[in-house]
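Down below is the structure, laid out as structure tokens.
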Amino acid sequence: MPELPEVETVRRTLQSLVVGKKIEKVEVHYEKIIANETKEAFQKKLVGEVIREIHRKGKWLIFELDHYDLLSHLRMEGKYFLKTNQEPLSKHEHVVFCLDYPQELRYHDTRKFGRMYLFEKGLCMTCEPLQELGYEPWDENLTDSNLYKLLQKKKVPIKTSLLDQSVIAGIGNIYADEILFLSHIHPLKFSFQLTKKDCQRIIGATQKILYQAIEMGGTTIRSYESAQGVHGRFQQHLLVHNQTKCPVCQKDIERITVGGRSTYFCPNCQKR
DNA sequence: GTGACCACCTGGCCGC
DNA sequence: TGCGGCCAGGTGGTCA
């Protein structure tokens with residue numbers, strides 16, 4: 001389940017593997033992956049384009065091409081693999097970018113949740129998928145005052161607000177649990193009840209956890225791998241998510257549902 | 001405008 | 001062993 005650290009790991013891996021490569025041909029085997037173009041237009045527009053750079057915003061990957069920006073969201077199980085055309089196509093490989101012969105960049109997605117958008121170059125930052133995104137975790141404007149103001153308007157539990165991409169972009173279910181644990185905040189506490197001090201702790205914990213996770217190549221809970229099948233190591237450092245004992249007080253970790261999502265927390269360290 | 005709920009999908013797991 | 005049902009979860013759409 002790729003969150004910001006996993007997407008950043010994929011970006012870094014792809015950056016070294018495919019930047020400078022020319023797209024000779026595109027095969028789309030599952031049309032729904034392409035969100036804002038027909039399969040035919042998508043295939044036609046990308047032929048001859050060179051991958052100039054790969055960026056990330058929140059959980060979105062942005063392939064900067066000659067004339068277009070290709071946006072890719074991995075959702076739950078999306079992965080990219082660099083293979084040769086000799087290797088048989090897996091049933092979960094839905095989009096194939098044929099690069100310099102015989103190399104192919106293949107988009108693999110078991111659950112077909114991932115989406116790709118194609119925009120004219122330079123227009124993607126103001127497009128629908130990206131314009132709603134909130135602060136990047138290392139954005140200098142992500143201050144305790146700004147976060148506090150934002151959360152004052154939210155009448156939902158803080159866990160739900162952390163998953164809201166219009167607040168802080170890139171946080172998913174696993175890291176939201178970890179951030180709240182490090183911040184000593186109960187996941188059911190209402191967002192508008194948080195103090196500026198709480199916001200300061202959330203920002204600090206977010207930056208710390210995401211930085212560590214990126215350094216370790218992300219988290220592999222069930223299905224995430226970066227390009228070429230590299231597994232992340234951060235799962236060995238998770239403090240509460242999917243854990244049974246609190247690493248601080250040794251009390252039992254509780255599992256509840258918040259906003260329909262499994263949520264792990266320590267009732268002793270994270271009082272309401 | 002905001003929040004709650006559901007659909008999209010498939011593999012893994014569990015109970016029978 | 002095989003089958004059915006539930007669960008996982010990011011996002012967008014719909015409804016209240």
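Naming works like this for the structure tokens: A, B, ... for the chains as they're shown, residue 1 at the start of each chain, ligands 1 onward in shown order.
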Counting only C-alpha atoms (C1' of nucleotides), which residues of chain C sit at most 9 Å from some atom of chain A, and what is each one's closest atom pair with its distance in Å to one decimal, listed by chain and rising residue number, as CSV?
residue,atom,partner,partner_atom,distance
C:DA8,C1',A:Ser262,CA,8.9
C:DG9,C1',A:Met76,CA,6.6
C:DG10,C1',A:Arg75,CA,5.4
C:DT11,C1',A:Arg75,CA,7.9
Neighbours of chain B in chain A at 10 Å, counting only C-alpha atoms (C1' of nucleotides), as a ChimeraX atom specification: /A:109-113,153-156,222,259-260
Computed gap from CA of Tyr264 (chain A) to CA of Val248 (chain A) is 14.5 Å
Tell me, which residues of region 15-175 of chain A carry DSSP strand (DSSP E or B), written as a ChimeraX atom specification? /A:22,25-28,34,50,53-57,60-64,68-73,78-84,93-98,103-109,115-120,135,157,168
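With only C-alpha atoms (C1' of nucleotides) taken into account, the protein and nucleic acid residues at most 9 Å from Asn242 (chain A) (excluding it and anything under 6 positions from it in its own chain) are Ile174, Ile221, Ile253, Arg255, Thr263 and Tyr264 of chain A.
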What separates CA of Tyr211 (chain A) and CA of Pro5 (chain A) is a distance of 7.7 Å
DSSP-assigned alpha helix (DSSP H) among region 30-154 of chain A, expressed as a VMD selection string: chain A and resid 39 to 46 128 to 131 144 to 152
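Rounded to one decimal, C1' of DG12 (chain C) and CA of Leu65 (chain A) lie 26.8 Å from each other.
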Skip Glu49 (chain A) itself and residues of its chain fewer than 6 positions away, then list as a count of residues only all residues within 8 Å of it, counting only C-alpha atoms (C1' of nucleotides). 6
